[in-house]
file coords34.cif (mmCIF, C-alpha atoms)
data_upload
loop_
_atom_site.group_PDB
_atom_site.id
_atom_site.type_symbol
_atom_site.label_atom_id
_atom_site.label_comp_id
_atom_site.auth_asym_id
_atom_site.auth_seq_id
_atom_site.Cartn_x
_atom_site.Cartn_y
_atom_site.Cartn_z
ATOM 1 C CA MET A 1 -9.758 -3.513 59.833
ATOM 2 C CA PHE A 2 -9.056 -3.630 56.082
ATOM 3 C CA VAL A 3 -9.617 0.126 55.735
ATOM 4 C CA VAL A 4 -7.263 0.853 58.652
ATOM 5 C CA LEU A 5 -4.501 -1.264 57.100
ATOM 6 C CA VAL A 6 -4.911 0.397 53.695
ATOM 7 C CA LYS A 7 -4.776 3.868 55.260
ATOM 8 C CA ARG A 8 -1.618 3.028 57.210
ATOM 9 C CA LEU A 9 0.088 1.648 54.112
ATOM 10 C CA ILE A 10 -0.761 4.731 52.052
ATOM 11 C CA ARG A 11 0.422 7.040 54.866
ATOM 12 C CA VAL A 12 3.791 5.280 54.772
ATOM 13 C CA VAL A 13 3.989 5.770 50.994
ATOM 14 C CA LEU A 14 3.097 9.457 51.335
ATOM 15 C CA ARG A 15 5.563 10.078 54.160
ATOM 16 C CA PHE A 16 8.622 8.277 52.842
ATOM 17 C CA TYR A 17 8.126 8.075 49.075
ATOM 18 C CA HIS A 18 6.730 11.517 48.301
ATOM 19 C CA HIS A 19 7.458 14.995 49.595
ATOM 20 C CA ARG A 20 4.113 15.788 51.164
ATOM 21 C CA GLU A 21 2.546 19.018 52.323
ATOM 22 C CA ILE A 22 -0.749 18.826 54.196
ATOM 23 C CA THR A 23 -2.553 21.942 55.385
ATOM 24 C CA GLY A 24 -5.847 22.515 57.195
ATOM 25 C CA LEU A 25 -6.085 19.284 59.209
ATOM 26 C CA ASN A 26 -7.578 21.299 62.078
ATOM 27 C CA ARG A 27 -10.618 22.004 59.887
ATOM 28 C CA ILE A 28 -11.782 18.380 59.762
ATOM 29 C CA PRO A 29 -14.845 17.743 61.988
ATOM 30 C CA LYS A 30 -14.081 15.060 64.556
ATOM 31 C CA THR A 31 -17.694 13.929 64.745
ATOM 32 C CA GLY A 32 -20.887 14.234 62.736
ATOM 33 C CA PRO A 33 -21.655 13.836 59.037
ATOM 34 C CA PHE A 34 -20.097 15.874 56.252
ATOM 35 C CA LEU A 35 -19.419 15.628 52.536
ATOM 36 C CA LEU A 36 -15.792 15.620 51.460
ATOM 37 C CA VAL A 37 -15.495 17.073 47.960
ATOM 38 C CA GLY A 38 -12.118 16.941 46.234
ATOM 39 C CA ASN A 39 -10.707 17.550 42.775
ATOM 40 C CA HIS A 40 -9.891 14.503 40.681
ATOM 41 C CA VAL A 41 -6.935 14.294 38.297
ATOM 42 C CA SER A 42 -5.516 10.871 39.234
ATOM 43 C CA ILE A 43 -6.701 7.529 40.535
ATOM 44 C CA LEU A 44 -4.481 8.241 43.554
ATOM 45 C CA ASP A 45 -6.538 11.253 44.707
ATOM 46 C CA PRO A 46 -9.227 9.576 46.849
ATOM 47 C CA PHE A 47 -6.725 7.158 48.392
ATOM 48 C CA TYR A 48 -4.141 9.811 49.288
ATOM 49 C CA ILE A 49 -6.763 12.212 50.652
ATOM 50 C CA GLY A 50 -8.537 9.424 52.525
ATOM 51 C CA SER A 51 -5.302 8.329 54.165
ATOM 52 C CA VAL A 52 -4.822 11.693 55.920
ATOM 53 C CA ILE A 53 -8.459 12.166 56.950
ATOM 54 C CA PRO A 54 -8.945 10.656 60.444
ATOM 55 C CA ARG A 55 -12.494 9.526 59.597
ATOM 56 C CA ASP A 56 -13.909 6.609 57.627
ATOM 57 C CA ILE A 57 -15.055 7.824 54.203
ATOM 58 C CA ARG A 58 -17.801 6.229 52.116
ATOM 59 C CA TYR A 59 -16.842 7.070 48.531
ATOM 60 C CA MET A 60 -19.308 7.599 45.715
ATOM 61 C CA ALA A 61 -17.355 5.873 42.917
ATOM 62 C CA LYS A 62 -18.323 5.740 39.253
ATOM 63 C CA GLU A 63 -20.170 2.525 38.510
ATOM 64 C CA GLU A 64 -17.749 1.598 35.714
ATOM 65 C CA SER A 65 -15.077 1.002 38.360
ATOM 66 C CA PHE A 66 -17.122 -1.891 39.755
ATOM 67 C CA SER A 67 -17.097 -3.864 36.495
ATOM 68 C CA HIS A 68 -13.762 -5.564 37.331
ATOM 69 C CA PRO A 69 -14.200 -8.307 40.002
ATOM 70 C CA LEU A 70 -10.959 -7.600 41.909
ATOM 71 C CA LEU A 71 -11.383 -3.817 41.817
ATOM 72 C CA ARG A 72 -15.020 -4.183 42.844
ATOM 73 C CA ARG A 73 -14.013 -6.229 45.870
ATOM 74 C CA PHE A 74 -11.351 -3.702 46.846
ATOM 75 C CA LEU A 75 -13.685 -0.710 46.443
ATOM 76 C CA ARG A 76 -16.367 -2.314 48.566
ATOM 77 C CA GLY A 77 -13.692 -3.181 51.124
ATOM 78 C CA VAL A 78 -12.782 0.499 51.532
ATOM 79 C CA GLY A 79 -16.421 1.569 51.832
ATOM 80 C CA ALA A 80 -17.137 2.730 48.284
ATOM 81 C CA PHE A 81 -20.474 2.319 46.524
ATOM 82 C CA PRO A 82 -21.338 2.739 42.815
ATOM 83 C CA VAL A 83 -23.053 5.770 41.308
ATOM 84 C CA ASN A 84 -23.940 6.803 37.766
ATOM 85 C CA ARG A 85 -22.002 10.063 37.378
ATOM 86 C CA GLU A 86 -24.358 11.489 34.765
ATOM 87 C CA LYS A 87 -27.634 10.463 36.392
ATOM 88 C CA PRO A 88 -27.412 9.218 40.002
ATOM 89 C CA SER A 89 -29.936 6.485 40.805
ATOM 90 C CA ILE A 90 -32.418 6.580 43.659
ATOM 91 C CA ARG A 91 -30.585 3.609 45.194
ATOM 92 C CA SER A 92 -27.198 5.378 45.323
ATOM 93 C CA ILE A 93 -28.823 8.510 46.752
ATOM 94 C CA LYS A 94 -30.538 6.448 49.458
ATOM 95 C CA ILE A 95 -27.242 4.772 50.354
ATOM 96 C CA ALA A 96 -25.551 8.171 50.685
ATOM 97 C CA LEU A 97 -28.424 9.589 52.751
ATOM 98 C CA GLY A 98 -28.300 6.528 55.004
ATOM 99 C CA HIS A 99 -24.584 6.996 55.692
ATOM 100 C CA LEU A 100 -25.034 10.703 56.440
ATOM 101 C CA ASP A 101 -27.959 9.930 58.722
ATOM 102 C CA LYS A 102 -25.604 7.700 60.730
ATOM 103 C CA GLY A 103 -23.041 10.490 61.067
ATOM 104 C CA LYS A 104 -20.697 9.141 58.384
ATOM 105 C CA VAL A 105 -18.575 10.948 55.786
ATOM 106 C CA ILE A 106 -19.369 10.803 52.067
ATOM 107 C CA GLY A 107 -16.517 11.364 49.606
ATOM 108 C CA ILE A 108 -17.200 12.832 46.159
ATOM 109 C CA PHE A 109 -14.497 13.500 43.556
ATOM 110 C CA PRO A 110 -15.940 15.240 40.494
ATOM 111 C CA GLY A 111 -13.696 15.604 37.450
ATOM 112 C CA GLY A 112 -11.893 18.931 37.125
ATOM 113 C CA THR A 113 -11.133 21.775 39.513
ATOM 114 C CA ARG A 114 -12.752 24.678 37.732
ATOM 115 C CA ARG A 115 -16.351 25.234 36.751
ATOM 116 C CA GLU A 116 -16.432 22.778 33.841
ATOM 117 C CA LYS A 117 -19.882 21.535 32.877
ATOM 118 C CA MET A 118 -19.329 17.948 34.033
ATOM 119 C CA ALA A 119 -17.804 18.968 37.358
ATOM 120 C CA MET A 120 -20.634 21.435 37.954
ATOM 121 C CA GLU A 121 -23.309 18.820 37.260
ATOM 122 C CA GLU A 122 -21.638 16.213 39.466
ATOM 123 C CA VAL A 123 -21.328 18.606 42.391
ATOM 124 C CA LYS A 124 -24.887 19.877 41.942
ATOM 125 C CA GLN A 125 -26.396 16.401 41.709
ATOM 126 C CA GLY A 126 -24.159 14.925 44.381
ATOM 127 C CA ALA A 127 -22.620 17.104 47.063
ATOM 128 C CA ALA A 128 -24.924 20.130 46.865
ATOM 129 C CA TYR A 129 -28.098 18.050 46.732
ATOM 130 C CA LEU A 130 -27.088 15.816 49.645
ATOM 131 C CA SER A 131 -25.835 18.765 51.692
ATOM 132 C CA LEU A 132 -29.062 20.730 51.329
ATOM 133 C CA LYS A 133 -31.159 17.606 51.819
ATOM 134 C CA THR A 134 -29.499 16.618 55.110
ATOM 135 C CA GLY A 135 -27.930 19.831 56.405
ATOM 136 C CA ALA A 136 -24.501 18.159 56.393
ATOM 137 C CA PRO A 137 -21.671 20.635 55.675
ATOM 138 C CA VAL A 138 -19.202 20.315 52.801
ATOM 139 C CA LEU A 139 -15.437 20.031 53.347
ATOM 140 C CA PRO A 140 -13.539 21.069 50.182
ATOM 141 C CA VAL A 141 -10.156 19.375 49.713
ATOM 142 C CA TYR A 142 -7.680 20.119 46.932
ATOM 143 C CA ILE A 143 -4.846 17.750 46.007
ATOM 144 C CA ASP A 144 -1.951 18.546 43.712
ATOM 145 C CA GLY A 145 0.989 16.489 42.430
ATOM 146 C CA THR A 146 -0.737 13.142 41.871
ATOM 147 C CA ALA A 147 -0.818 13.598 38.094
ATOM 148 C CA GLU A 148 2.984 13.795 38.198
ATOM 149 C CA ALA A 149 3.196 10.955 40.724
ATOM 150 C CA LEU A 150 1.264 8.625 38.425
ATOM 151 C CA PRO A 151 1.410 9.892 34.818
ATOM 152 C CA PRO A 152 -0.813 8.195 32.194
ATOM 153 C CA GLY A 153 0.629 4.859 31.109
ATOM 154 C CA THR A 154 2.627 4.208 34.278
ATOM 155 C CA ARG A 155 1.816 1.409 36.722
ATOM 156 C CA TRP A 156 3.615 2.531 39.859
ATOM 157 C CA PRO A 157 3.709 5.983 41.555
ATOM 158 C CA ARG A 158 6.844 8.045 41.124
ATOM 159 C CA PRO A 159 8.439 10.252 43.801
ATOM 160 C CA SER A 160 6.729 13.633 43.590
ATOM 161 C CA ARG A 161 5.664 16.607 45.705
ATOM 162 C CA VAL A 162 2.088 15.957 46.822
ATOM 163 C CA ARG A 163 0.112 18.818 48.373
ATOM 164 C CA ILE A 164 -3.222 18.373 50.134
ATOM 165 C CA ARG A 165 -5.068 21.564 51.114
ATOM 166 C CA ILE A 166 -8.177 21.371 53.269
ATOM 167 C CA GLY A 167 -10.539 24.336 53.144
ATOM 168 C CA GLU A 168 -13.109 25.773 55.522
ATOM 169 C CA LEU A 169 -16.382 23.917 56.062
ATOM 170 C CA ILE A 170 -19.217 25.162 53.856
ATOM 171 C CA THR A 171 -22.567 25.166 55.635
ATOM 172 C CA PRO A 172 -25.682 24.700 53.458
ATOM 173 C CA GLU A 173 -28.419 27.315 53.579
ATOM 174 C CA GLY A 174 -31.966 27.133 52.287
ATOM 175 C CA LYS A 175 -33.587 24.735 49.853
ATOM 176 C CA GLY A 176 -34.448 24.504 46.182
ATOM 177 C CA LYS A 177 -32.674 24.247 42.832
ATOM 178 C CA GLU A 178 -31.334 27.810 42.903
ATOM 179 C CA ARG A 179 -29.703 27.232 46.302
ATOM 180 C CA GLN A 180 -28.351 23.951 44.987
ATOM 181 C CA LYS A 181 -26.749 25.744 42.045
ATOM 182 C CA GLN A 182 -25.333 28.478 44.307
ATOM 183 C CA LEU A 183 -23.858 25.888 46.686
ATOM 184 C CA SER A 184 -22.317 24.016 43.745
ATOM 185 C CA MET A 185 -20.665 27.203 42.504
ATOM 186 C CA LYS A 186 -19.363 27.994 45.991
ATOM 187 C CA ILE A 187 -17.827 24.513 46.326
ATOM 188 C CA LEU A 188 -16.090 24.702 42.955
ATOM 189 C CA ASP A 189 -14.932 28.287 43.555
ATOM 190 C CA THR A 190 -13.452 27.237 46.904
ATOM 191 C CA LEU A 191 -11.581 24.346 45.273
ATOM 192 C CA SER A 192 -10.260 26.737 42.643
ATOM 193 C CA LYS A 193 -9.019 29.144 45.347
ATOM 194 C CA LEU A 194 -7.370 26.284 47.232
ATOM 195 C CA SER A 195 -5.543 25.324 44.042
ATOM 196 C CA HIS A 196 -3.906 28.775 43.965
ATOM 197 C CA SER A 197 -3.350 29.204 47.714
ATOM 198 C CA GLY A 198 -0.181 28.692 49.685
ATOM 199 C CA SER A 199 -0.327 27.565 53.264
ATOM 200 C CA CYS A 200 -3.832 27.489 54.692
ATOM 201 C CA GLY A 201 -3.301 26.003 58.139
ATOM 202 C CA GLU A 202 -1.289 23.255 59.778
ATOM 203 C CA ARG A 203 1.575 21.838 57.702
ATOM 204 C CA ILE A 204 3.102 18.393 57.858
ATOM 205 C CA GLY A 205 6.194 17.974 55.696
#
call {"tool": "encode", "arguments": {"input": "coords34.cif", "output": "structure tokens"}}
result
Amino acid sequence: MFVVLVKRLIRVVLRFYHHREITGLNRIPKTGPFLLVGNHVSILDPFYIGSVIPRDIRYMAKEESFSHPLLRRFLRGVGAFPVNREKPSIRSIKIALGHLDKGKVIGIFPGGTRREKMAMEEVKQGAAYLSLKTGAPVLPVYIDGTAEALPPGTRWPRPSRVRIRIGELITPEGKGKERQKQLSMKILDTLSKLSHSGSCGERIG
């Protein structure tokens, strides 16, 4: 119930406070597990993306975010669980695998949109590994405008044009570290292409 209320509130903010453009909603699987991988430039990114995805998302959030009691309670309330971004623990991997096994959606937001080292490692250790391990496809989602909506040092979002572009599902193939690296590169390349694309499907203004 809490997640539903949060999503509705954020949808209202997106619709009436920002100028929003959402494309590719028809590409979201209605059932079954998948990994949602999005770029990350603002704290708003997972909340804005999650509000337009008609599925419950279990976010892999950096463990530092759980150090504050109130934020920890909120994150757990929206289905997030902690993960060490540099070296994921066996426990966090098991939690993610358990959610995927139940047909849930895992959300991963690595830093950056290009093939930076940190983003590459996060995708390889997170999305690519879990995708190949379970056979769950990857849904790349690019968001733009949130850095302007909430610039560093500000406490409340400003009116801004927010674009959310949803790409084609990426189906995992094969096994092994080389396949994992190839899948990671494909995910990041797709996000990069989405960042430069115009309309890629259904639009909601």
call {"tool": "residues_around", "arguments": {"input": "coords34.cif", "residues": "range 24-33 of chain A", "least_positions_apart": "2", "cutoff": "10 Å", "atoms": "only C-alpha atoms", "output": "PDB file with C-alpha atoms, keeping the file's coordinate frame"}}
result
ATOM      1  CA  ILE A  22      -0.749  18.826  54.196  1.00  0.00           C
ATOM      2  CA  LEU A  35     -19.419  15.628  52.536  1.00  0.00           C
ATOM      3  CA  LEU A  36     -15.792  15.620  51.460  1.00  0.00           C
ATOM      4  CA  VAL A  52      -4.822  11.693  55.920  1.00  0.00           C
ATOM      5  CA  ILE A  53      -8.459  12.166  56.950  1.00  0.00           C
ATOM      6  CA  PRO A  54      -8.945  10.656  60.444  1.00  0.00           C
ATOM      7  CA  ARG A  55     -12.494   9.526  59.597  1.00  0.00           C
ATOM      8  CA  HIS A  99     -24.584   6.996  55.692  1.00  0.00           C
ATOM      9  CA  LEU A 100     -25.034  10.703  56.440  1.00  0.00           C
ATOM     10  CA  ASP A 101     -27.959   9.930  58.722  1.00  0.00           C
ATOM     11  CA  LYS A 102     -25.604   7.700  60.730  1.00  0.00           C
ATOM     12  CA  GLY A 103     -23.041  10.490  61.067  1.00  0.00           C
ATOM     13  CA  LYS A 104     -20.697   9.141  58.384  1.00  0.00           C
ATOM     14  CA  VAL A 105     -18.575  10.948  55.786  1.00  0.00           C
ATOM     15  CA  ILE A 106     -19.369  10.803  52.067  1.00  0.00           C
ATOM     16  CA  SER A 131     -25.835  18.765  51.692  1.00  0.00           C
ATOM     17  CA  THR A 134     -29.499  16.618  55.110  1.00  0.00           C
ATOM     18  CA  GLY A 135     -27.930  19.831  56.405  1.00  0.00           C
ATOM     19  CA  ALA A 136     -24.501  18.159  56.393  1.00  0.00           C
ATOM     20  CA  PRO A 137     -21.671  20.635  55.675  1.00  0.00           C
ATOM     21  CA  VAL A 138     -19.202  20.315  52.801  1.00  0.00           C
ATOM     22  CA  LEU A 139     -15.437  20.031  53.347  1.00  0.00           C
ATOM     23  CA  VAL A 141     -10.156  19.375  49.713  1.00  0.00           C
ATOM     24  CA  ILE A 164      -3.222  18.373  50.134  1.00  0.00           C
ATOM     25  CA  ARG A 165      -5.068  21.564  51.114  1.00  0.00           C
ATOM     26  CA  ILE A 166      -8.177  21.371  53.269  1.00  0.00           C
ATOM     27  CA  GLY A 167     -10.539  24.336  53.144  1.00  0.00           C
ATOM     28  CA  GLU A 168     -13.109  25.773  55.522  1.00  0.00           C
ATOM     29  CA  LEU A 169     -16.382  23.917  56.062  1.00  0.00           C
ATOM     30  CA  SER A 199      -0.327  27.565  53.264  1.00  0.00           C
ATOM     31  CA  CYS A 200      -3.832  27.489  54.692  1.00  0.00           C
ATOM     32  CA  GLY A 201      -3.301  26.003  58.139  1.00  0.00           C
ATOM     33  CA  GLU A 202      -1.289  23.255  59.778  1.00  0.00           C
ATOM     34  CA  ARG A 203       1.575  21.838  57.702  1.00  0.00           C
ATOM     35  CA  ILE A 204       3.102  18.393  57.858  1.00  0.00           C
TER      36      ILE A 204
END
call {"tool": "closest_residue", "arguments": {"input": "coords34.cif", "among": "A:Arg8, A:Leu132, A:Gly50, A:Arg85", "to": "Ser65 in chain A", "atoms": "only C-alpha atoms"}}
result
A:Arg85
call {"tool": "atom_distance", "arguments": {"input": "coords34.cif", "atom1": "CA of Tyr59 in chain A", "atom2": "CA of Phe81 in chain A"}}
result
6.3 Å
call {"tool": "closest_residue", "arguments": {"input": "coords34.cif", "among": "A:Leu9, A:Val37, A:Met60, A:Ile93", "to": "Thr190 in chain A", "atoms": "only C-alpha atoms"}}
result
A:Val37
call {"tool": "residues_near_point", "arguments": {"input": "coords34.cif", "point": "(-11.0, 2.5, 43.2)", "cutoff": "10 Å", "atoms": "only C-alpha atoms", "output": "PyMOL selection string"}}
result
chain A and resi 43-47+59+61-62+65-66+71-76+78+80
call {"tool": "axis_aligned_box", "arguments": {"input": "coords34.cif", "around": "range 130-143 of chain A", "padding_each_side": "8 Å", "output": "JSON"}}
result
{"center_x": -18.0, "center_y": 18.4, "center_z": 51.2, "size_x": 42.3, "size_y": 21.3, "size_z": 26.4}
call {"tool": "closest_residue", "arguments": {"input": "coords34.cif", "among": "A:Asn39, A:Lys133, A:Val6, A:Tyr17", "to": "Ala147 in chain A", "atoms": "all atoms listed in the file"}}
result
A:Asn39
call {"tool": "closest_residue", "arguments": {"input": "coords34.cif", "among": "A:Arg11, A:Lys87, A:Tyr48, A:Val162", "to": "Ala149 in chain A", "atoms": "all atoms listed in the file"}}
result
A:Val162
